[in-house]
There are 2 protein chains.
Amino acid sequence: MVQYQRNVDRAFAALGDPTRRAVLERLGSGRATISELAEPFGMSITGMRKHVRLLEEAELVTTEKVGRARMCTLVPYAFEGLSTWLQRLDRFAHVVERTKGAP
Amino acid sequence: MVQYQRNVDRAFAALGDPTRRAVLERLGSGRATISELAEPFGMSITGMRKHVRLLEEAELVTTEKVGRARMCTLVPYAFEGLSTWLQRLDRFAHVVERTKGAP
């Protein structure tokens, strides 16, 4: 449970950065190497490697060596739990909103 | 757009903490004052006020003065955009997974 909470902490913290979210969107259209990810952002490989490492530690992305490159892929199901939790909160928020005026 | 991105940054960063997530879950069952929120965590009012301020800056929670207390409420629709974005990524992750072996 503590481990799960820590993973959720890491996942949300990793998502709190626009470059990392853009990287995830890019990986949504297919796997990419770190240099392919770095290029459109005009970012150094080292800079992108740091972002990818955070996404990997958050278990949102996996990487594997392919020749001399490191290939990055989205982790299936990684986003499902987070999204379900947010949806539940959203439903609750509407119920609370509707009952706000009630005694 | 930049402002929207900043709000999303703040929202995800605010969610990256187990106490703040627990506060949101508690608010899912109804509005609560800062001291009502602090009590079950054995937390000082000052400590809880900081967490609530971050949730407020992330536009996930609103607060209003009610007598001498500050009442906290979940913001309806605040979680919907985040959840939709995560769901889309999850769908993409499955597509990428299925086509991984393809030439």
# chains A, B, ... in the order shown; residues from 1 in each chain; ligands from 1

$ residues_around --residues "stretch 82-95 of chain A" --least-positions-apart "2" --cutoff "10 Å" --atoms "only C-alpha atoms" --output "short mmCIF file (atom, residue, chain, number, x, y, z; two decimals) with all heavy atoms, in the first residue's frame"
data_model
loop_
_atom_site.label_atom_id
_atom_site.label_comp_id
_atom_site.auth_asym_id
_atom_site.auth_seq_id
_atom_site.Cartn_x
_atom_site.Cartn_y
_atom_site.Cartn_z
N VAL A 8 2.18 6.36 -6.97
CA VAL A 8 1.20 7.37 -7.38
C VAL A 8 1.79 8.77 -7.17
O VAL A 8 1.66 9.64 -8.03
CB VAL A 8 -0.14 7.20 -6.61
CG1 VAL A 8 -1.12 8.29 -7.00
CG2 VAL A 8 -0.74 5.83 -6.89
N ALA A 11 4.14 9.30 -10.00
CA ALA A 11 3.46 9.44 -11.28
C ALA A 11 2.89 10.86 -11.41
O ALA A 11 3.15 11.55 -12.39
CB ALA A 11 2.34 8.41 -11.40
N PHE A 12 2.16 11.32 -10.39
CA PHE A 12 1.57 12.65 -10.48
C PHE A 12 2.66 13.72 -10.53
O PHE A 12 2.55 14.69 -11.29
CB PHE A 12 0.60 12.91 -9.33
CG PHE A 12 -0.77 12.31 -9.55
CD1 PHE A 12 -1.37 11.51 -8.58
CD2 PHE A 12 -1.48 12.55 -10.72
CE1 PHE A 12 -2.63 10.96 -8.77
CE2 PHE A 12 -2.75 12.00 -10.92
CZ PHE A 12 -3.32 11.21 -9.94
N TYR A 77 -1.64 0.47 -19.20
CA TYR A 77 -2.35 0.44 -17.91
C TYR A 77 -1.79 1.43 -16.88
O TYR A 77 -2.38 1.59 -15.82
CB TYR A 77 -2.37 -0.96 -17.27
CG TYR A 77 -3.07 -1.98 -18.14
CD1 TYR A 77 -2.34 -2.92 -18.85
CD2 TYR A 77 -4.46 -1.97 -18.26
CE1 TYR A 77 -2.98 -3.85 -19.66
CE2 TYR A 77 -5.10 -2.89 -19.07
CZ TYR A 77 -4.36 -3.83 -19.78
OH TYR A 77 -5.00 -4.73 -20.56
N ALA A 78 -0.65 2.08 -17.18
CA ALA A 78 -0.03 2.96 -16.18
C ALA A 78 -0.94 4.14 -15.86
O ALA A 78 -0.92 4.66 -14.74
CB ALA A 78 1.31 3.47 -16.69
N PHE A 79 -1.73 4.57 -16.84
CA PHE A 79 -2.51 5.80 -16.67
C PHE A 79 -3.94 5.52 -16.22
O PHE A 79 -4.66 6.41 -15.83
CB PHE A 79 -2.51 6.59 -17.98
CG PHE A 79 -1.12 6.82 -18.49
CD1 PHE A 79 -0.52 5.96 -19.38
CD2 PHE A 79 -0.39 7.90 -18.02
CE1 PHE A 79 0.78 6.16 -19.80
CE2 PHE A 79 0.91 8.11 -18.43
CZ PHE A 79 1.50 7.23 -19.33
N GLU A 80 -4.30 4.24 -16.29
CA GLU A 80 -5.68 3.86 -16.04
C GLU A 80 -6.10 4.11 -14.58
O GLU A 80 -7.14 4.70 -14.31
CB GLU A 80 -5.86 2.38 -16.40
CG GLU A 80 -7.26 1.99 -16.73
CD GLU A 80 -7.37 0.51 -17.02
OE1 GLU A 80 -6.54 -0.28 -16.51
OE2 GLU A 80 -8.29 0.14 -17.77
N GLU A 97 -21.44 19.35 -4.85
CA GLU A 97 -21.96 20.61 -5.42
C GLU A 97 -23.49 20.64 -5.34
O GLU A 97 -24.06 21.63 -4.90
CB GLU A 97 -21.48 20.73 -6.88
CG GLU A 97 -21.98 21.95 -7.63
CD GLU A 97 -21.36 23.27 -7.18
OE1 GLU A 97 -20.39 23.21 -6.40
OE2 GLU A 97 -21.86 24.32 -7.58
N ARG A 98 -24.11 19.51 -5.74
CA ARG A 98 -25.58 19.47 -5.76
C ARG A 98 -26.19 19.55 -4.37
O ARG A 98 -27.26 20.08 -4.18
CB ARG A 98 -26.06 18.19 -6.46
CG ARG A 98 -26.13 18.31 -7.97
CD ARG A 98 -27.05 17.26 -8.57
NE ARG A 98 -26.64 15.91 -8.23
CZ ARG A 98 -25.71 15.20 -8.88
NH1 ARG A 98 -25.07 15.74 -9.89
NH2 ARG A 98 -25.41 13.98 -8.50
N THR A 99 -25.49 18.98 -3.36
CA THR A 99 -26.06 18.90 -2.02
C THR A 99 -25.61 20.07 -1.14
O THR A 99 -25.91 20.12 0.04
CB THR A 99 -25.66 17.57 -1.32
OG1 THR A 99 -24.24 17.46 -1.35
CG2 THR A 99 -26.27 16.38 -2.04
N LYS A 100 -24.86 21.02 -1.72
CA LYS A 100 -24.27 22.11 -0.95
C LYS A 100 -25.34 22.94 -0.24
O LYS A 100 -25.16 23.33 0.91
CB LYS A 100 -23.42 23.00 -1.86
CG LYS A 100 -22.23 23.61 -1.18
CD LYS A 100 -21.22 24.15 -2.17
CE LYS A 100 -21.70 25.38 -2.90
NZ LYS A 100 -20.61 25.98 -3.70
N LEU B 15 -1.32 16.89 -6.77
CA LEU B 15 -1.79 15.51 -6.60
C LEU B 15 -0.66 14.56 -6.21
O LEU B 15 -0.92 13.43 -5.79
CB LEU B 15 -2.45 15.03 -7.90
CG LEU B 15 -3.79 15.68 -8.24
CD1 LEU B 15 -4.18 15.39 -9.69
CD2 LEU B 15 -4.89 15.19 -7.30
N ARG B 21 -3.93 14.02 -1.54
CA ARG B 21 -4.92 13.12 -2.18
C ARG B 21 -5.96 12.65 -1.16
O ARG B 21 -7.14 12.57 -1.46
CB ARG B 21 -4.21 11.93 -2.84
CG ARG B 21 -3.41 12.31 -4.08
CD ARG B 21 -3.10 11.10 -4.95
NE ARG B 21 -2.36 10.07 -4.25
CZ ARG B 21 -1.04 10.08 -4.05
NH1 ARG B 21 -0.31 11.07 -4.50
NH2 ARG B 21 -0.46 9.09 -3.41
N LEU B 24 -8.48 15.34 -0.64
CA LEU B 24 -9.45 15.39 -1.75
C LEU B 24 -10.49 14.28 -1.58
O LEU B 24 -11.69 14.49 -1.77
CB LEU B 24 -8.73 15.25 -3.10
CG LEU B 24 -7.83 16.43 -3.48
CD1 LEU B 24 -7.02 16.10 -4.73
CD2 LEU B 24 -8.65 17.70 -3.71
N GLU B 25 -10.03 13.08 -1.20
CA GLU B 25 -10.97 11.97 -0.98
C GLU B 25 -11.96 12.33 0.14
O GLU B 25 -13.14 12.07 0.03
CB GLU B 25 -10.23 10.69 -0.63
CG GLU B 25 -9.35 10.21 -1.76
CD GLU B 25 -9.29 8.70 -1.89
OE1 GLU B 25 -9.66 8.00 -0.93
OE2 GLU B 25 -8.88 8.22 -2.97
N ARG B 26 -11.44 12.91 1.22
CA ARG B 26 -12.30 13.33 2.34
C ARG B 26 -13.33 14.36 1.85
O ARG B 26 -14.51 14.26 2.17
CB ARG B 26 -11.43 13.90 3.46
CG ARG B 26 -12.15 14.72 4.53
CD ARG B 26 -13.21 13.92 5.27
NE ARG B 26 -14.03 14.80 6.10
CZ ARG B 26 -15.08 15.49 5.66
NH1 ARG B 26 -15.46 15.41 4.41
NH2 ARG B 26 -15.77 16.25 6.49
N LEU B 27 -12.88 15.32 1.03
CA LEU B 27 -13.80 16.35 0.51
C LEU B 27 -14.80 15.74 -0.47
O LEU B 27 -15.87 16.30 -0.70
CB LEU B 27 -13.02 17.49 -0.14
CG LEU B 27 -12.20 18.35 0.82
CD1 LEU B 27 -11.41 19.41 0.05
CD2 LEU B 27 -13.09 19.03 1.87
N GLY B 28 -14.46 14.59 -1.02
CA GLY B 28 -15.39 13.88 -1.89
C GLY B 28 -16.63 13.42 -1.15
O GLY B 28 -17.69 13.22 -1.76
N SER B 29 -16.52 13.27 0.18
CA SER B 29 -17.71 12.85 0.94
C SER B 29 -18.45 14.06 1.50
O SER B 29 -19.45 13.90 2.20
CB SER B 29 -17.33 11.86 2.04
OG SER B 29 -16.56 12.51 3.00
N GLY B 30 -17.99 15.27 1.21
CA GLY B 30 -18.69 16.48 1.64
C GLY B 30 -17.72 17.57 2.06
O GLY B 30 -16.54 17.30 2.32
N ARG B 31 -18.22 18.79 2.10
CA ARG B 31 -17.39 19.93 2.47
C ARG B 31 -16.85 19.78 3.89
O ARG B 31 -17.44 19.10 4.72
CB ARG B 31 -18.22 21.21 2.39
CG ARG B 31 -18.96 21.33 1.04
CD ARG B 31 -19.42 22.72 0.78
NE ARG B 31 -20.33 23.22 1.81
CZ ARG B 31 -20.53 24.51 2.02
NH1 ARG B 31 -19.89 25.41 1.28
NH2 ARG B 31 -21.38 24.92 2.94
N LEU B 60 -8.24 22.96 -7.60
CA LEU B 60 -8.92 21.68 -7.35
C LEU B 60 -9.91 21.84 -6.19
O LEU B 60 -10.86 21.07 -6.06
CB LEU B 60 -7.90 20.59 -7.00
CG LEU B 60 -6.84 20.29 -8.07
CD1 LEU B 60 -5.83 19.27 -7.56
CD2 LEU B 60 -7.48 19.80 -9.37
N VAL B 61 -9.68 22.84 -5.36
CA VAL B 61 -10.49 23.08 -4.16
C VAL B 61 -10.78 24.58 -4.08
O VAL B 61 -9.92 25.39 -4.45
CB VAL B 61 -9.70 22.59 -2.90
CG1 VAL B 61 -10.24 23.18 -1.62
CG2 VAL B 61 -9.69 21.07 -2.82
N THR B 73 -14.22 22.98 -0.40
CA THR B 73 -15.09 22.22 -1.30
C THR B 73 -14.30 21.82 -2.54
O THR B 73 -13.48 22.60 -3.03
CB THR B 73 -16.28 23.10 -1.78
OG1 THR B 73 -16.77 23.86 -0.68
CG2 THR B 73 -17.41 22.29 -2.38
N LEU B 74 -14.56 20.63 -3.06
CA LEU B 74 -13.97 20.23 -4.34
C LEU B 74 -14.54 21.10 -5.45
O LEU B 74 -15.72 21.46 -5.42
CB LEU B 74 -14.34 18.77 -4.68
CG LEU B 74 -13.75 17.64 -3.83
CD1 LEU B 74 -14.17 16.29 -4.44
CD2 LEU B 74 -12.24 17.72 -3.76
N VAL B 75 -13.73 21.40 -6.45
CA VAL B 75 -14.20 22.18 -7.61
C VAL B 75 -14.76 21.21 -8.65
O VAL B 75 -14.02 20.36 -9.16
CB VAL B 75 -13.05 22.99 -8.23
CG1 VAL B 75 -13.49 23.70 -9.49
CG2 VAL B 75 -12.50 24.00 -7.23
N PRO B 76 -16.07 21.31 -8.96
CA PRO B 76 -16.61 20.42 -10.00
C PRO B 76 -15.90 20.67 -11.33
O PRO B 76 -15.53 21.80 -11.62
CB PRO B 76 -18.08 20.81 -10.10
CG PRO B 76 -18.37 21.62 -8.88
CD PRO B 76 -17.08 22.24 -8.45
N TYR B 77 -15.73 19.63 -12.09
CA TYR B 77 -15.06 19.63 -13.41
C TYR B 77 -13.54 19.77 -13.33
O TYR B 77 -12.87 19.64 -14.35
CB TYR B 77 -15.61 20.73 -14.34
CG TYR B 77 -17.07 20.58 -14.62
CD1 TYR B 77 -18.00 21.42 -14.02
CD2 TYR B 77 -17.54 19.57 -15.48
CE1 TYR B 77 -19.37 21.27 -14.25
CE2 TYR B 77 -18.89 19.42 -15.72
CZ TYR B 77 -19.80 20.27 -15.11
OH TYR B 77 -21.14 20.12 -15.33
N ALA B 78 -12.99 20.04 -12.13
CA ALA B 78 -11.54 20.26 -12.04
C ALA B 78 -10.76 19.01 -12.42
O ALA B 78 -9.65 19.11 -12.94
CB ALA B 78 -11.17 20.68 -10.63
N PHE B 79 -11.34 17.85 -12.18
CA PHE B 79 -10.60 16.60 -12.37
C PHE B 79 -10.88 15.97 -13.73
O PHE B 79 -10.21 15.04 -14.14
CB PHE B 79 -10.95 15.63 -11.24
CG PHE B 79 -10.75 16.24 -9.89
CD1 PHE B 79 -11.80 16.87 -9.23
CD2 PHE B 79 -9.50 16.24 -9.31
CE1 PHE B 79 -11.60 17.48 -8.00
CE2 PHE B 79 -9.28 16.84 -8.09
CZ PHE B 79 -10.34 17.46 -7.44
N GLU B 80 -11.90 16.49 -14.39
CA GLU B 80 -12.38 15.87 -15.63
C GLU B 80 -11.34 15.96 -16.75
O GLU B 80 -11.03 14.97 -17.42
CB GLU B 80 -13.67 16.57 -16.06
CG GLU B 80 -14.54 15.73 -16.94
CD GLU B 80 -15.79 16.48 -17.37
OE1 GLU B 80 -15.76 17.73 -17.43
OE2 GLU B 80 -16.80 15.80 -17.64
N GLY B 81 -10.78 17.17 -16.95
CA GLY B 81 -9.80 17.38 -18.02
C GLY B 81 -8.56 16.51 -17.81
O GLY B 81 -8.06 15.90 -18.76
N LEU B 82 -8.11 16.46 -16.56
CA LEU B 82 -6.91 15.66 -16.24
C LEU B 82 -7.17 14.19 -16.52
O LEU B 82 -6.36 13.49 -17.12
CB LEU B 82 -6.53 15.84 -14.76
CG LEU B 82 -6.35 17.26 -14.23
CD1 LEU B 82 -6.07 17.25 -12.73
CD2 LEU B 82 -5.22 17.98 -14.95
N SER B 83 -8.36 13.75 -16.11
CA SER B 83 -8.71 12.34 -16.27
C SER B 83 -8.87 11.97 -17.75
O SER B 83 -8.40 10.91 -18.19
CB SER B 83 -9.99 12.07 -15.47
OG SER B 83 -10.73 11.07 -16.04
N THR B 84 -9.48 12.86 -18.52
CA THR B 84 -9.66 12.60 -19.96
C THR B 84 -8.31 12.49 -20.66
O THR B 84 -8.09 11.61 -21.49
CB THR B 84 -10.48 13.75 -20.59
OG1 THR B 84 -11.70 13.86 -19.86
CG2 THR B 84 -10.79 13.50 -22.05
N TRP B 85 -7.39 13.37 -20.29
CA TRP B 85 -6.06 13.36 -20.90
C TRP B 85 -5.36 12.03 -20.59
O TRP B 85 -4.75 11.41 -21.46
CB TRP B 85 -5.26 14.56 -20.38
CG TRP B 85 -3.93 14.71 -21.03
CD1 TRP B 85 -3.67 15.24 -22.26
CD2 TRP B 85 -2.66 14.33 -20.49
NE1 TRP B 85 -2.32 15.20 -22.52
CE2 TRP B 85 -1.67 14.65 -21.45
CE3 TRP B 85 -2.26 13.74 -19.29
CZ2 TRP B 85 -0.32 14.40 -21.26
CZ3 TRP B 85 -0.91 13.50 -19.09
CH2 TRP B 85 0.04 13.82 -20.06
N LEU B 86 -5.46 11.57 -19.33
CA LEU B 86 -4.82 10.31 -18.93
C LEU B 86 -5.45 9.12 -19.65
O LEU B 86 -4.75 8.19 -20.05
CB LEU B 86 -4.92 10.12 -17.42
CG LEU B 86 -4.02 11.04 -16.59
CD1 LEU B 86 -4.40 10.97 -15.12
CD2 LEU B 86 -2.55 10.66 -16.75
N GLN B 87 -6.77 9.16 -19.81
CA GLN B 87 -7.46 8.06 -20.50
C GLN B 87 -6.99 7.95 -21.95
O GLN B 87 -6.83 6.87 -22.48
CB GLN B 87 -8.97 8.33 -20.52
CG GLN B 87 -9.69 7.82 -19.30
CD GLN B 87 -11.16 8.17 -19.41
OE1 GLN B 87 -11.51 9.36 -19.39
NE2 GLN B 87 -12.02 7.18 -19.54
N ARG B 88 -6.82 9.13 -22.58
CA ARG B 88 -6.37 9.16 -23.98
C ARG B 88 -4.98 8.52 -24.07
O ARG B 88 -4.72 7.71 -24.94
CB ARG B 88 -6.32 10.61 -24.47
CG ARG B 88 -6.99 10.83 -25.81
CD ARG B 88 -6.86 12.25 -26.26
NE ARG B 88 -5.56 12.55 -26.78
CZ ARG B 88 -4.81 13.60 -26.43
NH1 ARG B 88 -5.24 14.46 -25.52
NH2 ARG B 88 -3.65 13.78 -26.99
N LEU B 89 -4.10 8.91 -23.14
CA LEU B 89 -2.74 8.33 -23.13
C LEU B 89 -2.82 6.83 -22.96
O LEU B 89 -2.06 6.09 -23.58
CB LEU B 89 -1.94 8.91 -21.97
CG LEU B 89 -1.14 10.16 -22.23
CD1 LEU B 89 -0.27 10.46 -21.02
CD2 LEU B 89 -0.23 10.01 -23.46
N ASP B 90 -3.72 6.39 -22.09
CA ASP B 90 -3.84 4.95 -21.84
C ASP B 90 -4.26 4.21 -23.11
O ASP B 90 -3.72 3.16 -23.42
CB ASP B 90 -4.85 4.71 -20.71
CG ASP B 90 -4.64 3.33 -20.09
OD1 ASP B 90 -3.51 3.07 -19.63
OD2 ASP B 90 -5.58 2.53 -20.09
#

$ select_by_dssp --residues "chain A" --states "strand (DSSP E)" --output "MDAnalysis selection string"
chainID A and resid 32:33 61:66 69:74

$ residues_around --residues "B:Met43" --least-positions-apart "6" --cutoff "12 Å" --atoms "only C-alpha atoms" --output "list in words"
Thr19, Val23, Ile34, Ser35, Glu36, Leu37, Arg49, Lys50 and His51 of chain B

$ write_last_selection --atoms "N, CA and C atoms" --output "compact mmCIF listing (two decimals), in the first residue's frame"
# COMPACT_ATOMS: atom_id res chain seq x y z
N THR B 19 -1.00 13.08 1.39
CA THR B 19 -1.92 13.81 2.29
C THR B 19 -2.93 14.60 1.47
N VAL B 23 -6.94 14.31 1.45
CA VAL B 23 -7.81 15.47 1.69
C VAL B 23 -8.88 15.54 0.60
N ILE B 34 -11.00 23.54 7.56
CA ILE B 34 -9.58 23.17 7.63
C ILE B 34 -9.31 22.38 8.91
N SER B 35 -9.94 22.74 10.03
CA SER B 35 -9.66 21.97 11.26
C SER B 35 -10.28 20.58 11.18
N GLU B 36 -11.42 20.44 10.54
CA GLU B 36 -11.99 19.09 10.35
C GLU B 36 -11.07 18.23 9.48
N LEU B 37 -10.42 18.88 8.51
CA LEU B 37 -9.49 18.14 7.64
C LEU B 37 -8.22 17.77 8.40
N ARG B 49 -3.41 24.04 6.44
CA ARG B 49 -3.70 25.24 5.65
C ARG B 49 -2.78 25.31 4.43
N LYS B 50 -1.52 24.90 4.61
CA LYS B 50 -0.56 24.91 3.49
C LYS B 50 -0.99 23.95 2.38
N HIS B 51 -1.40 22.75 2.81
CA HIS B 51 -1.86 21.77 1.81
C HIS B 51 -3.08 22.31 1.05

$ atom_distance --atom1 "atom CA of B:Tyr4" --atom2 "atom CA of A:Glu56"
25.4 Å

$ closest_residue --among "B:Val96, B:Leu54, B:Ala14, B:Ala22" --to "B:Ala38" --atoms "only C-alpha atoms"
B:Ala22

$ atom_distance --atom1 "atom CA of A:Arg10" --atom2 "atom CA of A:Arg68"
28.3 Å

$ select_by_dssp --residues "chain A" --states "helix (DSSP H, G or I)" --output "PyMOL selection string"
chain A and resi 2-15+18-28+34-41+45-57+80-99

$ atom_distance --atom1 "atom CA of A:Glu59" --atom2 "atom CA of A:Gln3"
12.3 Å
